[in-house]
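Heads up, input10.cif below (mmCIF, C-alpha atoms):
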data_query
#
loop_
_atom_site.group_PDB
_atom_site.id
_atom_site.type_symbol
_atom_site.label_atom_id
_atom_site.label_comp_id
_atom_site.auth_asym_id
_atom_site.auth_seq_id
_atom_site.Cartn_x
_atom_site.Cartn_y
_atom_site.Cartn_z
ATOM 1 C CA MET A 30 -1.799 -39.740 160.190
ATOM 2 C CA SER A 31 -1.622 -37.472 163.252
ATOM 3 C CA ARG A 32 -4.912 -38.899 164.595
ATOM 4 C CA LEU A 33 -3.655 -42.440 164.064
ATOM 5 C CA PHE A 34 -0.445 -41.564 165.916
ATOM 6 C CA GLN A 35 -2.432 -40.065 168.809
ATOM 7 C CA LEU A 36 -4.589 -43.187 168.958
ATOM 8 C CA LEU A 37 -1.483 -45.364 169.174
ATOM 9 C CA ARG A 38 -0.120 -43.179 171.975
ATOM 10 C CA SER A 39 -3.482 -43.403 173.725
ATOM 11 C CA VAL A 40 -3.569 -47.199 173.567
ATOM 12 C CA LEU A 41 -0.049 -47.447 174.964
ATOM 13 C CA PHE A 42 -0.956 -44.961 177.669
ATOM 14 C CA ASP A 43 -4.017 -46.972 178.709
ATOM 15 C CA ILE A 44 -1.983 -50.171 178.897
ATOM 16 C CA HIS A 45 0.552 -48.342 181.052
ATOM 17 C CA VAL A 46 -2.218 -46.959 183.336
ATOM 18 C CA TYR A 47 -3.440 -50.433 184.290
ATOM 19 C CA ALA A 48 0.008 -52.028 184.344
ATOM 20 C CA SER A 49 1.250 -49.308 186.702
ATOM 21 C CA MET A 50 -1.749 -49.875 188.967
ATOM 22 C CA LEU A 51 -0.860 -53.543 189.289
ATOM 23 C CA VAL A 52 2.865 -52.955 189.813
ATOM 24 C CA LEU A 53 2.450 -50.225 192.442
ATOM 25 C CA GLY A 54 -0.367 -52.161 194.106
ATOM 26 C CA VAL A 55 1.924 -55.134 194.615
ATOM 27 C CA ILE A 56 4.939 -53.045 195.695
ATOM 28 C CA PHE A 57 2.962 -51.165 198.373
ATOM 29 C CA ALA A 58 0.875 -54.159 199.475
ATOM 30 C CA PRO A 59 2.900 -55.091 202.616
ATOM 31 C CA TRP A 60 2.663 -51.532 203.965
ATOM 32 C CA ALA A 61 -0.970 -51.091 202.872
ATOM 33 C CA VAL A 62 -2.073 -54.287 204.621
ATOM 34 C CA VAL A 63 -0.863 -53.100 208.025
ATOM 35 C CA SER A 64 -1.511 -49.375 207.684
ATOM 36 C CA ARG A 65 -4.128 -47.132 206.092
ATOM 37 C CA LYS A 66 -1.304 -44.621 205.732
ATOM 38 C CA GLY A 67 0.468 -47.116 203.471
ATOM 39 C CA ALA A 68 -2.648 -47.576 201.335
ATOM 40 C CA ARG A 69 -3.005 -43.826 200.967
ATOM 41 C CA ALA A 70 0.674 -43.438 200.056
ATOM 42 C CA ALA A 71 0.283 -46.095 197.366
ATOM 43 C CA CYS A 72 -2.727 -44.367 195.831
ATOM 44 C CA LYS A 73 -1.096 -40.927 195.984
ATOM 45 C CA THR A 74 2.012 -42.304 194.270
ATOM 46 C CA TYR A 75 -0.119 -43.896 191.566
ATOM 47 C CA CYS A 76 -2.091 -40.690 190.955
ATOM 48 C CA ARG A 77 1.039 -38.578 190.649
ATOM 49 C CA TRP A 78 2.662 -41.098 188.328
ATOM 50 C CA VAL A 79 -0.316 -41.232 185.953
ATOM 51 C CA LEU A 80 -0.774 -37.445 185.961
ATOM 52 C CA TRP A 81 2.912 -37.003 185.122
ATOM 53 C CA THR A 82 2.961 -39.634 182.368
ATOM 54 C CA ALA A 83 -0.289 -38.300 180.861
ATOM 55 C CA ARG A 84 1.520 -35.043 180.140
ATOM 56 C CA TRP A 85 4.253 -36.536 177.951
ATOM 57 C CA MET A 86 2.551 -39.689 176.667
ATOM 58 C CA VAL A 87 -0.719 -38.187 175.399
ATOM 59 C CA GLY A 88 -0.357 -34.434 175.995
ATOM 60 C CA ILE A 89 -2.892 -34.075 178.825
ATOM 61 C CA ARG A 90 -1.857 -31.451 181.354
ATOM 62 C CA THR A 91 -3.818 -31.045 184.585
ATOM 63 C CA GLU A 92 -4.599 -28.171 186.904
ATOM 64 C CA VAL A 93 -6.355 -27.799 190.259
ATOM 65 C CA ARG A 94 -8.165 -24.519 190.869
ATOM 66 C CA GLY A 95 -9.783 -23.078 193.952
ATOM 67 C CA PRO A 96 -8.905 -23.630 197.621
ATOM 68 C CA VAL A 97 -8.409 -27.338 198.355
ATOM 69 C CA PRO A 98 -10.462 -28.416 201.415
ATOM 70 C CA LYS A 99 -8.418 -29.694 204.346
ATOM 71 C CA GLY A 100 -10.949 -30.548 207.043
ATOM 72 C CA GLU A 101 -14.040 -32.721 207.343
ATOM 73 C CA VAL A 102 -16.268 -31.850 204.397
ATOM 74 C CA ILE A 103 -18.394 -33.465 201.738
ATOM 75 C CA ILE A 104 -16.993 -33.150 198.221
ATOM 76 C CA ALA A 105 -19.783 -33.214 195.594
ATOM 77 C CA ALA A 106 -17.975 -33.574 192.286
ATOM 78 C CA LYS A 107 -18.791 -33.656 188.606
ATOM 79 C CA HIS A 108 -17.586 -37.018 187.272
ATOM 80 C CA GLN A 109 -16.545 -37.344 183.619
ATOM 81 C CA SER A 110 -13.717 -39.874 183.572
ATOM 82 C CA PHE A 111 -11.080 -41.756 185.549
ATOM 83 C CA LEU A 112 -8.918 -38.645 185.313
ATOM 84 C CA ASP A 113 -11.014 -36.529 187.677
ATOM 85 C CA ILE A 114 -10.766 -39.284 190.306
ATOM 86 C CA LEU A 115 -6.971 -39.148 190.096
ATOM 87 C CA ILE A 116 -6.819 -35.348 190.289
ATOM 88 C CA ILE A 117 -9.239 -35.105 193.217
ATOM 89 C CA PHE A 118 -7.603 -37.868 195.248
ATOM 90 C CA ASN A 119 -4.145 -36.422 194.644
ATOM 91 C CA ALA A 120 -5.278 -32.927 195.693
ATOM 92 C CA LEU A 121 -7.173 -33.824 198.877
ATOM 93 C CA PRO A 122 -5.207 -34.707 202.020
ATOM 94 C CA SER A 123 -7.453 -37.559 203.196
ATOM 95 C CA ALA A 124 -10.134 -38.510 200.667
ATOM 96 C CA ARG A 125 -12.423 -41.494 200.607
ATOM 97 C CA PHE A 126 -15.127 -42.134 198.032
ATOM 98 C CA ILE A 127 -18.738 -43.204 197.834
ATOM 99 C CA MET A 128 -18.370 -45.914 195.164
ATOM 100 C CA LYS A 129 -20.426 -48.565 193.420
ATOM 101 C CA ARG A 130 -20.227 -51.892 195.208
ATOM 102 C CA GLU A 131 -19.039 -53.814 192.118
ATOM 103 C CA LEU A 132 -15.662 -52.077 192.308
ATOM 104 C CA LEU A 133 -14.874 -53.840 195.577
ATOM 105 C CA TRP A 134 -14.346 -57.050 193.619
ATOM 106 C CA THR A 135 -11.930 -55.613 191.044
ATOM 107 C CA PRO A 136 -8.212 -56.445 191.428
ATOM 108 C CA VAL A 137 -6.116 -53.810 193.240
ATOM 109 C CA ILE A 138 -8.848 -51.128 193.238
ATOM 110 C CA GLY A 139 -11.110 -53.146 195.522
ATOM 111 C CA VAL A 140 -8.370 -53.975 198.018
ATOM 112 C CA TYR A 141 -7.145 -50.401 198.322
ATOM 113 C CA ALA A 142 -10.674 -48.966 198.405
ATOM 114 C CA ARG A 143 -11.402 -51.085 201.480
ATOM 115 C CA ARG A 144 -8.183 -49.998 203.163
ATOM 116 C CA LEU A 145 -8.958 -46.314 202.515
ATOM 117 C CA GLY A 146 -12.417 -46.619 204.051
ATOM 118 C CA CYS A 147 -14.369 -46.027 200.840
ATOM 119 C CA VAL A 148 -18.115 -46.595 201.178
ATOM 120 C CA PRO A 149 -19.725 -49.037 198.695
ATOM 121 C CA VAL A 150 -23.281 -48.475 197.469
ATOM 122 C CA ASN A 151 -25.667 -50.942 195.831
ATOM 123 C CA ARG A 152 -27.140 -48.780 193.087
ATOM 124 C CA GLY A 153 -29.894 -51.288 192.298
ATOM 125 C CA LYS A 154 -31.813 -50.760 195.580
ATOM 126 C CA ARG A 155 -32.300 -47.048 195.907
ATOM 127 C CA GLY A 156 -34.039 -46.649 199.284
ATOM 128 C CA ALA A 157 -32.094 -49.393 201.024
ATOM 129 C CA ALA A 158 -28.866 -48.225 199.390
ATOM 130 C CA ILE A 159 -29.234 -44.678 200.723
ATOM 131 C CA ALA A 160 -30.010 -45.908 204.247
ATOM 132 C CA LYS A 161 -27.017 -48.256 204.228
ATOM 133 C CA MET A 162 -24.758 -45.554 202.770
ATOM 134 C CA VAL A 163 -25.592 -43.195 205.640
ATOM 135 C CA LYS A 164 -24.983 -45.960 208.181
ATOM 136 C CA ASP A 165 -21.661 -46.945 206.592
ATOM 137 C CA VAL A 166 -20.497 -43.328 206.378
ATOM 138 C CA ALA A 167 -21.294 -42.835 210.073
ATOM 139 C CA ALA A 168 -19.254 -45.938 210.895
ATOM 140 C CA GLN A 169 -16.290 -44.680 208.852
ATOM 141 C CA ASN A 170 -16.414 -41.165 210.311
ATOM 142 C CA ARG A 171 -14.140 -42.133 213.190
ATOM 143 C CA GLU A 172 -11.242 -40.963 211.018
ATOM 144 C CA PRO A 173 -11.494 -37.346 209.782
ATOM 145 C CA GLY A 174 -11.277 -36.711 206.085
ATOM 146 C CA GLN A 175 -13.023 -35.602 202.933
ATOM 147 C CA LEU A 176 -15.951 -37.716 201.712
ATOM 148 C CA VAL A 177 -16.228 -37.610 197.917
ATOM 149 C CA ILE A 178 -19.581 -38.316 196.291
ATOM 150 C CA TYR A 179 -20.638 -38.028 192.656
ATOM 151 C CA PRO A 180 -24.173 -36.546 192.737
ATOM 152 C CA GLN A 181 -25.046 -37.963 189.314
ATOM 153 C CA GLY A 182 -23.919 -41.416 190.408
ATOM 154 C CA THR A 183 -21.719 -42.194 187.428
ATOM 155 C CA ARG A 184 -19.456 -40.722 184.754
ATOM 156 C CA VAL A 185 -21.301 -38.315 182.463
ATOM 157 C CA MET A 186 -19.962 -37.424 179.016
ATOM 158 C CA PRO A 187 -19.492 -33.738 178.145
ATOM 159 C CA GLY A 188 -22.716 -32.529 176.556
ATOM 160 C CA ALA A 189 -24.855 -35.263 178.158
ATOM 161 C CA GLU A 190 -27.488 -34.608 180.818
ATOM 162 C CA LYS A 191 -28.144 -36.791 183.846
ATOM 163 C CA PRO A 192 -30.219 -35.912 186.924
ATOM 164 C CA TYR A 193 -28.655 -35.350 190.323
ATOM 165 C CA LYS A 194 -29.547 -37.983 192.920
ATOM 166 C CA VAL A 195 -30.933 -37.362 196.380
ATOM 167 C CA GLY A 196 -28.145 -39.276 198.183
ATOM 168 C CA THR A 197 -25.936 -36.192 198.322
ATOM 169 C CA ALA A 198 -28.669 -34.196 200.099
ATOM 170 C CA VAL A 199 -29.218 -37.043 202.578
ATOM 171 C CA LEU A 200 -25.520 -37.038 203.503
ATOM 172 C CA TYR A 201 -25.403 -33.231 203.673
ATOM 173 C CA GLU A 202 -28.385 -33.132 206.038
ATOM 174 C CA GLY A 203 -27.264 -36.100 208.125
ATOM 175 C CA LEU A 204 -23.587 -35.221 208.556
ATOM 176 C CA LYS A 205 -24.205 -31.493 209.032
ATOM 177 C CA GLN A 206 -20.951 -30.717 207.266
ATOM 178 C CA ALA A 207 -20.129 -28.140 204.625
ATOM 179 C CA CYS A 208 -20.328 -29.392 201.045
ATOM 180 C CA VAL A 209 -17.742 -28.303 198.489
ATOM 181 C CA PRO A 210 -18.984 -28.439 194.873
ATOM 182 C CA VAL A 211 -16.375 -29.482 192.297
ATOM 183 C CA ALA A 212 -16.492 -28.738 188.559
ATOM 184 C CA THR A 213 -14.396 -30.268 185.791
ATOM 185 C CA ASN A 214 -13.801 -30.489 182.048
ATOM 186 C CA VAL A 215 -11.568 -33.582 181.954
ATOM 187 C CA GLY A 216 -14.010 -35.627 179.880
ATOM 188 C CA VAL A 217 -13.143 -33.446 176.889
ATOM 189 C CA PHE A 218 -9.628 -34.920 176.926
ATOM 190 C CA TRP A 219 -10.134 -38.330 178.562
ATOM 191 C CA PRO A 220 -13.632 -39.502 177.542
ATOM 192 C CA ARG A 221 -15.427 -42.226 179.494
ATOM 193 C CA ASN A 222 -15.749 -44.331 176.327
ATOM 194 C CA GLY A 223 -13.176 -45.226 173.696
ATOM 195 C CA LEU A 224 -9.398 -45.289 173.720
ATOM 196 C CA MET A 225 -8.555 -41.884 172.259
ATOM 197 C CA ARG A 226 -6.972 -39.370 174.624
ATOM 198 C CA HIS A 227 -6.871 -35.748 173.444
ATOM 199 C CA PRO A 228 -4.136 -33.225 174.308
ATOM 200 C CA GLY A 229 -5.134 -30.208 176.389
ATOM 201 C CA LEU A 230 -5.570 -28.821 179.892
ATOM 202 C CA GLY A 231 -7.846 -30.862 182.176
ATOM 203 C CA VAL A 232 -9.118 -28.800 185.103
ATOM 204 C CA VAL A 233 -10.707 -29.720 188.420
ATOM 205 C CA GLU A 234 -12.009 -26.714 190.326
ATOM 206 C CA PHE A 235 -13.024 -26.620 193.989
ATOM 207 C CA LEU A 236 -15.823 -24.066 194.389
ATOM 208 C CA GLU A 237 -17.275 -22.035 197.254
ATOM 209 C CA PRO A 238 -18.374 -24.312 200.133
ATOM 210 C CA MET A 239 -22.092 -24.675 200.810
ATOM 211 C CA GLN A 240 -22.534 -24.371 204.566
ATOM 212 C CA PRO A 241 -24.821 -26.698 206.573
ATOM 213 C CA GLY A 242 -28.443 -25.735 207.100
ATOM 214 C CA LEU A 243 -30.004 -25.583 203.638
ATOM 215 C CA LYS A 244 -33.215 -27.516 203.011
ATOM 216 C CA PRO A 245 -32.633 -30.607 200.823
ATOM 217 C CA LYS A 246 -34.520 -29.267 197.789
ATOM 218 C CA ALA A 247 -32.793 -25.885 197.912
ATOM 219 C CA PHE A 248 -29.435 -27.562 198.480
ATOM 220 C CA MET A 249 -29.793 -29.874 195.465
ATOM 221 C CA LYS A 250 -30.942 -27.029 193.208
ATOM 222 C CA ALA A 251 -28.019 -24.815 194.210
ATOM 223 C CA LEU A 252 -25.528 -27.684 193.944
ATOM 224 C CA GLU A 253 -26.614 -28.671 190.446
ATOM 225 C CA GLU A 254 -26.668 -25.096 189.158
ATOM 226 C CA THR A 255 -23.225 -24.407 190.604
ATOM 227 C CA VAL A 256 -21.494 -27.576 189.393
ATOM 228 C CA GLU A 257 -23.135 -27.687 185.971
ATOM 229 C CA GLY A 258 -22.670 -23.969 185.336
ATOM 230 C CA ARG A 259 -18.988 -23.949 186.212
ATOM 231 C CA SER A 260 -18.305 -27.263 184.430
ATOM 232 C CA ALA A 261 -19.909 -25.833 181.277
ATOM 233 C CA ALA A 262 -17.617 -22.803 181.524
ATOM 234 C CA LEU A 263 -14.549 -25.040 181.905
ATOM 235 C CA MET A 264 -15.611 -27.127 178.902
ATOM 236 C CA ARG A 265 -16.027 -23.988 176.793
ATOM 237 C CA GLU A 266 -12.557 -22.944 177.947
ATOM 238 C CA ALA A 267 -11.329 -26.285 176.583
ATOM 239 C CA GLY A 268 -12.957 -25.620 173.201
ATOM 240 C CA PHE A 269 -16.037 -27.807 173.677
ATOM 241 C CA ASP A 270 -19.575 -26.425 173.447
ATOM 242 C CA PRO A 271 -21.682 -28.117 176.177
ATOM 243 C CA GLY A 272 -24.767 -27.489 174.050
ATOM 244 C CA GLN A 273 -23.631 -29.797 171.257
ATOM 245 C CA PRO A 274 -24.257 -33.570 171.222
ATOM 246 C CA ALA A 275 -22.421 -35.572 173.898
ATOM 247 C CA LEU A 276 -18.758 -36.196 173.227
ATOM 248 C CA GLN A 277 -18.128 -39.895 172.549
ATOM 249 C CA SER A 278 -14.350 -40.257 172.125
#
Any chance you could put this one into structure tokens?
Amino acid sequence: MSRLFQLLRSVLFDIHVYASMLVLGVIFAPWAVVSRKGARAACKTYCRWVLWTARWMVGIRTEVRGPVPKGEVIIAAKHQSFLDILIIFNALPSARFIMKRELLWTPVIGVYARRLGCVPVNRGKRGAAIAKMVKDVAAQNREPGQLVIYPQGTRVMPGAEKPYKVGTAVLYEGLKQACVPVATNVGVFWPRNGLMRHPGLGVVEFLEPMQPGLKPKAFMKALEETVEGRSAALMREAGFDPGQPALQS
């Protein structure tokens, strides 16, 4: 009975997540159209609203650990669910994301992503996609901020393995900025698949910055070891063994 009740709460929560996105998107639209500041305020408001309602609707509390970057840096983050996007965007002062191109055509998300200066990537054309990503990032770099990239390219379930992609190293070498690795365990509570949301403490942790100058191969090795190692520790803290089969829902 308790699992059925949690599932019902989860379904209602998910409906509320997308309904709130639409409502706030429309309310802030006049300001967002004329000002990037308005678009950012809309997204910050949405993040804070969902993080607050997650606590009492489905029992998911959230926590940010480590020093939050303020200047121009690359954020290389573990990506497990929509929740880590919300936590990271809410924590950073001026974030924009490397995102898959298909999202530009989704209602609300696409409009606000464009206004924030997010950089779309065509994942189907690897070489051309990386070259265009670097060009688009350079064009967007007129406004300082934190560039968030997911090195694995997509959401990865707790317990699943997926290789890190070279695009992060290309940006690191080309921009000559520090890269801040980010670990998380949020997929234990808000899985990428299914409707069930599990109570607990979802953590996003900003780790020690990796300064410019590392060779691409050494950079990628250190990045993966750092993010995966710390994410595994956070998942164990949440009661999930990263060595067991991937968590589905």
Residues matched by the PyMOL selection byres ((chain A and resi 69) around 10), written as a ChimeraX atom specification: /A:57,61,64-68,70-75,118-119,122-125,141-142,144-145
Selection: 10 Å around stretch 225-230 of chain A, all atoms listed in the file, excl. self and same-chain fewer than 6 positions, as JSON, numbers by chain: {"A": [32, 33, 35, 36, 37, 38, 39, 40, 42, 43, 83, 84, 85, 86, 87, 88, 89, 90, 91, 92, 214, 215, 216, 217, 218, 219, 263, 266, 267, 268, 277, 278]}
Expected selection from the PyMOL selection byres ((chain A and resi 253) around 10), given as a list of chain:residue names: A:Ala105, A:Lys107, A:Pro180, A:Gln181, A:Pro192, A:Tyr193, A:Pro210, A:Phe248, A:Met249, A:Lys250, A:Ala251, A:Leu252, A:Glu254, A:Thr255, A:Val256, A:Glu257, A:Gly258, A:Arg259
Residue contacts of A:Ser49 (10 Å, only C-alpha atoms) excluding same-chain residues fewer than 4 positions away, as a count of residues only: 9
Result set, the PyMOL selection byres ((chain A and resi 94) around 7) on current file, as a ChimeraX atom specification: /A:92-93,95-96,233-235
File of the preceding selection, C-alpha atoms, as a tab-separated table (two decimals), in the frame of the given file:
chain	number	residue	atom	x	y	z
A	92	GLU	CA	-4.60	-28.17	186.90
A	93	VAL	CA	-6.36	-27.80	190.26
A	95	GLY	CA	-9.78	-23.08	193.95
A	96	PRO	CA	-8.90	-23.63	197.62
A	233	VAL	CA	-10.71	-29.72	188.42
A	234	GLU	CA	-12.01	-26.71	190.33
A	235	PHE	CA	-13.02	-26.62	193.99
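Using all atoms listed in the file, the nearest neighbour of A:Leu236 within the list A:Val46, A:Val209, A:Val102, A:Met264 is A:Val209.
The residue that comes closest to A:Met128, out of A:Met186, A:Val62, A:Ile114, A:Leu204 and on the basis of only C-alpha atoms, is A:Ile114.
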Protein and nucleic acid residues near (-21.3, -33.4, 207.7) (cut-off 10 Å, all atoms listed in the file) as a list in words: Glu101, Val102, Ile103, Ala167, Asn170, Gln175, Leu176, Leu200, Tyr201, Glu202, Gly203, Leu204, Lys205, Gln206, Ala207, Cys208, Gln240 and Pro241 of chain A
Same residues, C-alpha atoms, output as an mmCIF file, in the coordinates of the input:
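Result written to selection_3.cif:
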data_model
loop_
_atom_site.group_PDB
_atom_site.id
_atom_site.type_symbol
_atom_site.label_atom_id
_atom_site.label_comp_id
_atom_site.auth_asym_id
_atom_site.auth_seq_id
_atom_site.Cartn_x
_atom_site.Cartn_y
_atom_site.Cartn_z
ATOM 1 C CA GLU A 101 -14.040 -32.721 207.343
ATOM 2 C CA VAL A 102 -16.268 -31.850 204.397
ATOM 3 C CA ILE A 103 -18.394 -33.465 201.738
ATOM 4 C CA ALA A 167 -21.294 -42.835 210.073
ATOM 5 C CA ASN A 170 -16.414 -41.165 210.311
ATOM 6 C CA GLN A 175 -13.023 -35.602 202.933
ATOM 7 C CA LEU A 176 -15.951 -37.716 201.712
ATOM 8 C CA LEU A 200 -25.520 -37.038 203.503
ATOM 9 C CA TYR A 201 -25.403 -33.231 203.673
ATOM 10 C CA GLU A 202 -28.385 -33.132 206.038
ATOM 11 C CA GLY A 203 -27.264 -36.100 208.125
ATOM 12 C CA LEU A 204 -23.587 -35.221 208.556
ATOM 13 C CA LYS A 205 -24.205 -31.493 209.032
ATOM 14 C CA GLN A 206 -20.951 -30.717 207.266
ATOM 15 C CA ALA A 207 -20.129 -28.140 204.625
ATOM 16 C CA CYS A 208 -20.328 -29.392 201.045
ATOM 17 C CA GLN A 240 -22.534 -24.371 204.566
ATOM 18 C CA PRO A 241 -24.821 -26.698 206.573
#
Expected residue set, 12 Å radius at (-14.7, -52.5, 194.4), all atoms listed in the file, as a PyMOL selection string: chain A and resi 126-151
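If you look at atom CA of A:Phe111 and atom CA of A:Gln273, they are 22.5 Å away from each other.
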Among the residues A:Met50, A:Leu121, A:Ala58, A:Ala212, the one that comes closest to A:Ala262 [using all atoms listed in the file]: A:Ala212
Hey, could you patch up stretch 80-89 of chain A with all heavy atoms and hand it over as a PDB file, in the coordinates of the input?
ATOM      1  N   LEU A  80      -0.641 -38.843 186.375  1.00  0.00           N
ATOM      2  CA  LEU A  80      -0.774 -37.445 185.961  1.00  0.00           C
ATOM      3  C   LEU A  80       0.496 -36.951 185.268  1.00  0.00           C
ATOM      4  O   LEU A  80       0.429 -36.184 184.305  1.00  0.00           O
ATOM      5  CB  LEU A  80      -1.099 -36.565 187.171  1.00  0.00           C
ATOM      6  CG  LEU A  80      -2.443 -36.836 187.856  1.00  0.00           C
ATOM      7  CD1 LEU A  80      -2.624 -35.925 189.054  1.00  0.00           C
ATOM      8  CD2 LEU A  80      -3.595 -36.684 186.884  1.00  0.00           C
ATOM      9  N   TRP A  81       1.644 -37.401 185.747  1.00  0.00           N
ATOM     10  CA  TRP A  81       2.912 -37.003 185.122  1.00  0.00           C
ATOM     11  C   TRP A  81       3.079 -37.652 183.756  1.00  0.00           C
ATOM     12  O   TRP A  81       3.443 -36.989 182.784  1.00  0.00           O
ATOM     13  CB  TRP A  81       4.083 -37.388 186.035  1.00  0.00           C
ATOM     14  CG  TRP A  81       5.420 -37.045 185.457  1.00  0.00           C
ATOM     15  CD1 TRP A  81       5.937 -35.789 185.264  1.00  0.00           C
ATOM     16  CD2 TRP A  81       6.411 -37.964 184.973  1.00  0.00           C
ATOM     17  NE1 TRP A  81       7.197 -35.873 184.701  1.00  0.00           N
ATOM     18  CE2 TRP A  81       7.516 -37.197 184.515  1.00  0.00           C
ATOM     19  CE3 TRP A  81       6.483 -39.352 184.901  1.00  0.00           C
ATOM     20  CZ2 TRP A  81       8.658 -37.785 183.980  1.00  0.00           C
ATOM     21  CZ3 TRP A  81       7.628 -39.936 184.378  1.00  0.00           C
ATOM     22  CH2 TRP A  81       8.693 -39.150 183.915  1.00  0.00           C
ATOM     23  N   THR A  82       2.788 -38.944 183.654  1.00  0.00           N
ATOM     24  CA  THR A  82       2.961 -39.634 182.368  1.00  0.00           C
ATOM     25  C   THR A  82       1.918 -39.192 181.337  1.00  0.00           C
ATOM     26  O   THR A  82       2.185 -39.211 180.133  1.00  0.00           O
ATOM     27  CB  THR A  82       2.887 -41.160 182.545  1.00  0.00           C
ATOM     28  OG1 THR A  82       1.671 -41.509 183.216  1.00  0.00           O
ATOM     29  CG2 THR A  82       4.079 -41.670 183.354  1.00  0.00           C
ATOM     30  N   ALA A  83       0.731 -38.786 181.803  1.00  0.00           N
ATOM     31  CA  ALA A  83      -0.289 -38.300 180.861  1.00  0.00           C
ATOM     32  C   ALA A  83       0.202 -37.079 180.104  1.00  0.00           C
ATOM     33  O   ALA A  83      -0.116 -36.899 178.919  1.00  0.00           O
ATOM     34  CB  ALA A  83      -1.578 -37.959 181.623  1.00  0.00           C
ATOM     35  N   ARG A  84       1.016 -36.267 180.770  1.00  0.00           N
ATOM     36  CA  ARG A  84       1.520 -35.043 180.140  1.00  0.00           C
ATOM     37  C   ARG A  84       2.386 -35.354 178.926  1.00  0.00           C
ATOM     38  O   ARG A  84       2.222 -34.757 177.860  1.00  0.00           O
ATOM     39  CB  ARG A  84       2.306 -34.220 181.172  1.00  0.00           C
ATOM     40  CG  ARG A  84       2.963 -32.961 180.607  1.00  0.00           C
ATOM     41  CD  ARG A  84       3.793 -32.274 181.693  1.00  0.00           C
ATOM     42  NE  ARG A  84       2.955 -31.687 182.717  1.00  0.00           N
ATOM     43  CZ  ARG A  84       2.547 -30.422 182.711  1.00  0.00           C
ATOM     44  NH1 ARG A  84       2.894 -29.624 181.709  1.00  0.00           N
ATOM     45  NH2 ARG A  84       1.800 -29.960 183.666  1.00  0.00           N
ATOM     46  N   TRP A  85       3.324 -36.307 179.063  1.00  0.00           N
ATOM     47  CA  TRP A  85       4.253 -36.536 177.951  1.00  0.00           C
ATOM     48  C   TRP A  85       3.854 -37.698 177.052  1.00  0.00           C
ATOM     49  O   TRP A  85       4.302 -37.779 175.905  1.00  0.00           O
ATOM     50  CB  TRP A  85       5.688 -36.704 178.470  1.00  0.00           C
ATOM     51  CG  TRP A  85       5.937 -37.848 179.404  1.00  0.00           C
ATOM     52  CD1 TRP A  85       5.926 -37.820 180.761  1.00  0.00           C
ATOM     53  CD2 TRP A  85       6.254 -39.199 179.040  1.00  0.00           C
ATOM     54  NE1 TRP A  85       6.209 -39.061 181.278  1.00  0.00           N
ATOM     55  CE2 TRP A  85       6.423 -39.928 180.245  1.00  0.00           C
ATOM     56  CE3 TRP A  85       6.435 -39.867 177.828  1.00  0.00           C
ATOM     57  CZ2 TRP A  85       6.753 -41.285 180.266  1.00  0.00           C
ATOM     58  CZ3 TRP A  85       6.750 -41.220 177.848  1.00  0.00           C
ATOM     59  CH2 TRP A  85       6.907 -41.911 179.049  1.00  0.00           C
ATOM     60  N   MET A  86       2.976 -38.575 177.511  1.00  0.00           N
ATOM     61  CA  MET A  86       2.551 -39.689 176.667  1.00  0.00           C
ATOM     62  C   MET A  86       1.406 -39.312 175.727  1.00  0.00           C
ATOM     63  O   MET A  86       1.380 -39.723 174.564  1.00  0.00           O
ATOM     64  CB  MET A  86       2.146 -40.900 177.519  1.00  0.00           C
ATOM     65  CG  MET A  86       3.311 -41.600 178.182  1.00  0.00           C
ATOM     66  SD  MET A  86       2.846 -43.158 179.002  1.00  0.00           S
ATOM     67  CE  MET A  86       2.633 -44.248 177.570  1.00  0.00           C
ATOM     68  N   VAL A  87       0.424 -38.541 176.253  1.00  0.00           N
ATOM     69  CA  VAL A  87      -0.719 -38.187 175.399  1.00  0.00           C
ATOM     70  C   VAL A  87      -1.016 -36.690 175.381  1.00  0.00           C
ATOM     71  O   VAL A  87      -1.987 -36.250 174.759  1.00  0.00           O
ATOM     72  CB  VAL A  87      -1.991 -38.951 175.837  1.00  0.00           C
ATOM     73  CG1 VAL A  87      -1.871 -40.419 175.495  1.00  0.00           C
ATOM     74  CG2 VAL A  87      -2.284 -38.761 177.326  1.00  0.00           C
ATOM     75  N   GLY A  88      -0.202 -35.880 176.070  1.00  0.00           N
ATOM     76  CA  GLY A  88      -0.357 -34.434 175.995  1.00  0.00           C
ATOM     77  C   GLY A  88      -1.439 -33.856 176.885  1.00  0.00           C
ATOM     78  O   GLY A  88      -1.879 -32.720 176.661  1.00  0.00           O
ATOM     79  N   ILE A  89      -1.883 -34.602 177.901  1.00  0.00           N
ATOM     80  CA  ILE A  89      -2.892 -34.075 178.825  1.00  0.00           C
ATOM     81  C   ILE A  89      -2.201 -33.462 180.039  1.00  0.00           C
ATOM     82  O   ILE A  89      -1.563 -34.159 180.828  1.00  0.00           O
ATOM     83  CB  ILE A  89      -3.870 -35.169 179.294  1.00  0.00           C
ATOM     84  CG1 ILE A  89      -4.652 -35.750 178.108  1.00  0.00           C
ATOM     85  CG2 ILE A  89      -4.843 -34.594 180.326  1.00  0.00           C
ATOM     86  CD1 ILE A  89      -5.593 -36.879 178.491  1.00  0.00           C
TER      87      ILE A  89
END
